[in-house]
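Engineer: Here it is, the structure, as structure tokens.
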Amino acid sequence: MTKVIKRKAKLNPTERKRREQLAYTNKIVTKRFVIRKSIVGQGIIFKYTNYDGKVCDYNHDKVYKENQERFDNMPCFKKYKIYTQSFNLPKFVRDMKSYI
């Protein structure tokens, strides 16, 4: 009888940190605004620090649902299933009445 040893796949440090954050809480701390198709519906709150050091929290699902058509029509989102902006919150998110 042979014993099967399962090995964990090696993750890069960024992915490992993201998975650890998700395991303990539904908050992710990041340095850029992010919308990912893979985490829609998980109720995740992002804590985002912009270039000025201003901290903004936003509900990933709420932002995606209110702007779903916009995201789904973006070529980058169609191809990579992710939208990021590192400089500031996008104008269409800043114009939302509530994004938390």
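Identifiers in this document derive from the order of the structure tokens: chains are assigned A, B, ..., residues are numbered from 1 separately in each chain, and ligands are numbered from 1 in order of occurrence.
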Please provide the set of residues having any atom within 12 Å of Val34 in chain A, restricted to only C-alpha atoms, with same-chain residues fewer than 4 positions apart removed, written as a PyMOL selection string.

Structural biologist: chain A and resi 28-30+38-40+44-50+57-61+63-64+71+77+81-90+93

Engineer: Go ahead and save the residues from that selection, with N, CA and C atoms, as an mmCIF file, in the first residue's frame.

Structural biologist:
data_model
loop_
_atom_site.group_PDB
_atom_site.id
_atom_site.type_symbol
_atom_site.label_atom_id
_atom_site.label_comp_id
_atom_site.auth_asym_id
_atom_site.auth_seq_id
_atom_site.Cartn_x
_atom_site.Cartn_y
_atom_site.Cartn_z
ATOM 1 N N ILE A 28 -10.257 43.418 2.727
ATOM 2 C CA ILE A 28 -8.952 43.330 2.073
ATOM 3 C C ILE A 28 -8.360 44.729 2.039
ATOM 4 N N VAL A 29 -7.121 44.848 2.488
ATOM 5 C CA VAL A 29 -6.414 46.123 2.464
ATOM 6 C C VAL A 29 -5.570 46.161 1.187
ATOM 7 N N THR A 30 -5.677 47.247 0.435
ATOM 8 C CA THR A 30 -4.976 47.338 -0.835
ATOM 9 C C THR A 30 -4.523 48.764 -1.104
ATOM 10 N N SER A 38 -13.974 37.444 -10.123
ATOM 11 C CA SER A 38 -13.886 36.205 -9.339
ATOM 12 C C SER A 38 -14.383 36.340 -7.900
ATOM 13 N N ILE A 39 -14.478 37.560 -7.375
ATOM 14 C CA ILE A 39 -14.923 37.706 -5.984
ATOM 15 C C ILE A 39 -16.269 38.406 -5.860
ATOM 16 N N VAL A 40 -16.977 38.545 -6.955
ATOM 17 C CA VAL A 40 -18.323 39.127 -6.902
ATOM 18 C C VAL A 40 -19.228 38.182 -6.125
ATOM 19 N N ILE A 44 -17.219 41.303 0.114
ATOM 20 C CA ILE A 44 -15.912 41.791 0.559
ATOM 21 C C ILE A 44 -15.888 43.318 0.585
ATOM 22 N N ILE A 45 -15.315 43.850 1.645
ATOM 23 C CA ILE A 45 -15.095 45.279 1.801
ATOM 24 C C ILE A 45 -13.608 45.538 1.557
ATOM 25 N N PHE A 46 -13.299 46.442 0.636
ATOM 26 C CA PHE A 46 -11.913 46.810 0.365
ATOM 27 C C PHE A 46 -11.569 48.075 1.130
ATOM 28 N N LYS A 47 -10.406 48.082 1.740
ATOM 29 C CA LYS A 47 -9.869 49.278 2.383
ATOM 30 C C LYS A 47 -8.735 49.742 1.484
ATOM 31 N N TYR A 48 -8.931 50.875 0.847
ATOM 32 C CA TYR A 48 -8.053 51.354 -0.215
ATOM 33 C C TYR A 48 -7.382 52.653 0.222
ATOM 34 N N THR A 49 -6.072 52.747 0.046
ATOM 35 C CA THR A 49 -5.324 53.961 0.345
ATOM 36 C C THR A 49 -4.879 54.586 -0.969
ATOM 37 N N ASN A 50 -5.298 55.835 -1.225
ATOM 38 C CA ASN A 50 -4.938 56.477 -2.500
ATOM 39 C C ASN A 50 -3.571 57.150 -2.402
ATOM 40 N N ASP A 57 -13.044 53.109 2.189
ATOM 41 C CA ASP A 57 -13.599 51.761 2.213
ATOM 42 C C ASP A 57 -14.711 51.693 1.183
ATOM 43 N N TYR A 58 -14.774 50.587 0.450
ATOM 44 C CA TYR A 58 -15.887 50.409 -0.480
ATOM 45 C C TYR A 58 -16.303 48.951 -0.526
ATOM 46 N N ASN A 59 -17.593 48.758 -0.714
ATOM 47 C CA ASN A 59 -18.174 47.433 -0.830
ATOM 48 C C ASN A 59 -18.017 46.979 -2.274
ATOM 49 N N HIS A 60 -17.233 45.967 -2.494
ATOM 50 C CA HIS A 60 -16.930 45.461 -3.835
ATOM 51 C C HIS A 60 -18.210 45.103 -4.593
ATOM 52 N N ASP A 61 -19.109 44.373 -3.951
ATOM 53 C CA ASP A 61 -20.333 43.926 -4.621
ATOM 54 C C ASP A 61 -21.250 45.089 -4.979
ATOM 55 N N VAL A 63 -20.432 48.275 -5.558
ATOM 56 C CA VAL A 63 -19.858 49.036 -6.670
ATOM 57 C C VAL A 63 -20.037 48.268 -7.981
ATOM 58 N N TYR A 64 -19.804 46.957 -7.944
ATOM 59 C CA TYR A 64 -19.945 46.159 -9.166
ATOM 60 C C TYR A 64 -21.400 46.130 -9.644
ATOM 61 N N PHE A 71 -18.624 47.907 -16.350
ATOM 62 C CA PHE A 71 -17.490 46.987 -16.240
ATOM 63 C C PHE A 71 -17.530 45.914 -17.327
ATOM 64 N N PHE A 77 -11.795 44.410 -18.818
ATOM 65 C CA PHE A 77 -12.579 43.551 -17.930
ATOM 66 C C PHE A 77 -13.029 42.293 -18.667
ATOM 67 N N LYS A 81 -10.907 40.002 -16.638
ATOM 68 C CA LYS A 81 -11.878 39.856 -15.536
ATOM 69 C C LYS A 81 -11.476 40.645 -14.294
ATOM 70 N N ILE A 82 -10.765 41.763 -14.518
ATOM 71 C CA ILE A 82 -10.336 42.614 -13.405
ATOM 72 C C ILE A 82 -10.216 44.058 -13.901
ATOM 73 N N TYR A 83 -10.550 45.002 -13.014
ATOM 74 C CA TYR A 83 -10.389 46.425 -13.304
ATOM 75 C C TYR A 83 -9.676 47.042 -12.117
ATOM 76 N N THR A 84 -8.601 47.769 -12.363
ATOM 77 C CA THR A 84 -7.868 48.430 -11.280
ATOM 78 C C THR A 84 -7.604 49.882 -11.642
ATOM 79 N N GLN A 85 -7.465 50.679 -10.605
ATOM 80 C CA GLN A 85 -7.041 52.068 -10.767
ATOM 81 C C GLN A 85 -6.221 52.424 -9.544
ATOM 82 N N SER A 86 -4.995 52.857 -9.745
ATOM 83 C CA SER A 86 -4.093 53.065 -8.622
ATOM 84 C C SER A 86 -4.031 54.508 -8.132
ATOM 85 N N PHE A 87 -4.420 55.474 -8.938
ATOM 86 C CA PHE A 87 -4.249 56.876 -8.573
ATOM 87 C C PHE A 87 -5.309 57.368 -7.592
ATOM 88 N N ASN A 88 -6.560 57.078 -7.851
ATOM 89 C CA ASN A 88 -7.664 57.545 -7.018
ATOM 90 C C ASN A 88 -8.879 56.669 -7.292
ATOM 91 N N LEU A 89 -9.932 56.858 -6.506
ATOM 92 C CA LEU A 89 -11.183 56.173 -6.833
ATOM 93 C C LEU A 89 -11.677 56.687 -8.176
ATOM 94 N N PRO A 90 -12.222 55.826 -9.027
ATOM 95 C CA PRO A 90 -12.769 56.299 -10.300
ATOM 96 C C PRO A 90 -13.887 57.310 -10.071
ATOM 97 N N VAL A 93 -17.330 56.084 -9.250
ATOM 98 C CA VAL A 93 -17.486 55.569 -7.887
ATOM 99 C C VAL A 93 -17.593 56.726 -6.907
#

Engineer: Pick out each residue of range 19-97 of chain A that DSSP on the backbone tags as strand (DSSP E); I need them as an MDAnalysis selection string.

Structural biologist: chainID A and resid 27:30 33:36 45:49 55:59 82:85

Engineer: Hey, can you spit out that residue selection with N, CA and C atoms as a PDB file, in the first residue's frame?

Structural biologist:
ATOM      1  N   LYS A  27     -12.559  41.701   4.828  1.00  0.00           N
ATOM      2  CA  LYS A  27     -11.895  42.949   4.432  1.00  0.00           C
ATOM      3  C   LYS A  27     -10.558  42.663   3.781  1.00  0.00           C
ATOM      4  N   ILE A  28     -10.257  43.418   2.727  1.00  0.00           N
ATOM      5  CA  ILE A  28      -8.952  43.330   2.073  1.00  0.00           C
ATOM      6  C   ILE A  28      -8.360  44.729   2.039  1.00  0.00           C
ATOM      7  N   VAL A  29      -7.121  44.848   2.488  1.00  0.00           N
ATOM      8  CA  VAL A  29      -6.414  46.123   2.464  1.00  0.00           C
ATOM      9  C   VAL A  29      -5.570  46.161   1.187  1.00  0.00           C
ATOM     10  N   THR A  30      -5.677  47.247   0.435  1.00  0.00           N
ATOM     11  CA  THR A  30      -4.976  47.338  -0.835  1.00  0.00           C
ATOM     12  C   THR A  30      -4.523  48.764  -1.104  1.00  0.00           C
ATOM     13  N   PHE A  33      -7.657  50.736  -6.222  1.00  0.00           N
ATOM     14  CA  PHE A  33      -9.059  50.375  -6.411  1.00  0.00           C
ATOM     15  C   PHE A  33      -9.110  49.127  -7.280  1.00  0.00           C
ATOM     16  N   VAL A  34      -9.867  48.124  -6.850  1.00  0.00           N
ATOM     17  CA  VAL A  34      -9.922  46.853  -7.572  1.00  0.00           C
ATOM     18  C   VAL A  34     -11.354  46.363  -7.679  1.00  0.00           C
ATOM     19  N   ILE A  35     -11.737  45.891  -8.878  1.00  0.00           N
ATOM     20  CA  ILE A  35     -12.981  45.143  -9.077  1.00  0.00           C
ATOM     21  C   ILE A  35     -12.582  43.854  -9.784  1.00  0.00           C
ATOM     22  N   ARG A  36     -12.864  42.711  -9.152  1.00  0.00           N
ATOM     23  CA  ARG A  36     -12.540  41.403  -9.734  1.00  0.00           C
ATOM     24  C   ARG A  36     -13.809  40.597  -9.933  1.00  0.00           C
ATOM     25  N   ILE A  45     -15.315  43.850   1.645  1.00  0.00           N
ATOM     26  CA  ILE A  45     -15.095  45.279   1.801  1.00  0.00           C
ATOM     27  C   ILE A  45     -13.608  45.538   1.557  1.00  0.00           C
ATOM     28  N   PHE A  46     -13.299  46.442   0.636  1.00  0.00           N
ATOM     29  CA  PHE A  46     -11.913  46.810   0.365  1.00  0.00           C
ATOM     30  C   PHE A  46     -11.569  48.075   1.130  1.00  0.00           C
ATOM     31  N   LYS A  47     -10.406  48.082   1.740  1.00  0.00           N
ATOM     32  CA  LYS A  47      -9.869  49.278   2.383  1.00  0.00           C
ATOM     33  C   LYS A  47      -8.735  49.742   1.484  1.00  0.00           C
ATOM     34  N   TYR A  48      -8.931  50.875   0.847  1.00  0.00           N
ATOM     35  CA  TYR A  48      -8.053  51.354  -0.215  1.00  0.00           C
ATOM     36  C   TYR A  48      -7.382  52.653   0.222  1.00  0.00           C
ATOM     37  N   THR A  49      -6.072  52.747   0.046  1.00  0.00           N
ATOM     38  CA  THR A  49      -5.324  53.961   0.345  1.00  0.00           C
ATOM     39  C   THR A  49      -4.879  54.586  -0.969  1.00  0.00           C
ATOM     40  N   VAL A  55      -7.701  57.192   3.122  1.00  0.00           N
ATOM     41  CA  VAL A  55      -8.219  55.828   3.170  1.00  0.00           C
ATOM     42  C   VAL A  55      -9.709  55.832   2.828  1.00  0.00           C
ATOM     43  N   CYS A  56     -10.093  54.960   1.906  1.00  0.00           N
ATOM     44  CA  CYS A  56     -11.493  54.818   1.507  1.00  0.00           C
ATOM     45  C   CYS A  56     -11.891  53.358   1.630  1.00  0.00           C
ATOM     46  N   ASP A  57     -13.044  53.109   2.189  1.00  0.00           N
ATOM     47  CA  ASP A  57     -13.599  51.761   2.213  1.00  0.00           C
ATOM     48  C   ASP A  57     -14.711  51.693   1.183  1.00  0.00           C
ATOM     49  N   TYR A  58     -14.774  50.587   0.450  1.00  0.00           N
ATOM     50  CA  TYR A  58     -15.887  50.409  -0.480  1.00  0.00           C
ATOM     51  C   TYR A  58     -16.303  48.951  -0.526  1.00  0.00           C
ATOM     52  N   ASN A  59     -17.593  48.758  -0.714  1.00  0.00           N
ATOM     53  CA  ASN A  59     -18.174  47.433  -0.830  1.00  0.00           C
ATOM     54  C   ASN A  59     -18.017  46.979  -2.274  1.00  0.00           C
ATOM     55  N   ILE A  82     -10.765  41.763 -14.518  1.00  0.00           N
ATOM     56  CA  ILE A  82     -10.336  42.614 -13.405  1.00  0.00           C
ATOM     57  C   ILE A  82     -10.216  44.058 -13.901  1.00  0.00           C
ATOM     58  N   TYR A  83     -10.550  45.002 -13.014  1.00  0.00           N
ATOM     59  CA  TYR A  83     -10.389  46.425 -13.304  1.00  0.00           C
ATOM     60  C   TYR A  83      -9.676  47.042 -12.117  1.00  0.00           C
ATOM     61  N   THR A  84      -8.601  47.769 -12.363  1.00  0.00           N
ATOM     62  CA  THR A  84      -7.868  48.430 -11.280  1.00  0.00           C
ATOM     63  C   THR A  84      -7.604  49.882 -11.642  1.00  0.00           C
ATOM     64  N   GLN A  85      -7.465  50.679 -10.605  1.00  0.00           N
ATOM     65  CA  GLN A  85      -7.041  52.068 -10.767  1.00  0.00           C
ATOM     66  C   GLN A  85      -6.221  52.424  -9.544  1.00  0.00           C
TER      67      GLN A  85
END

Engineer: What's the separation between CA of Ser98 in chain A and CA of Glu66 in chain A, in Å to one decimal place?

Structural biologist: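 Separation of CA of Ser98 in chain A and CA of Glu66 in chain A: 10.5 Å.
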
Engineer: DSSP on the backbone: which residues in range 2-100 of chain A end up as alpha helix (DSSP H)? Give the answer as a ChimeraX atom specification.

Structural biologist: /A:13-24,60-66,68-72,75-80,91-94

Engineer: How many Å separate CA of Gln68 in chain A from CA of Phe92 in chain A?

Structural biologist: 11.9 Å
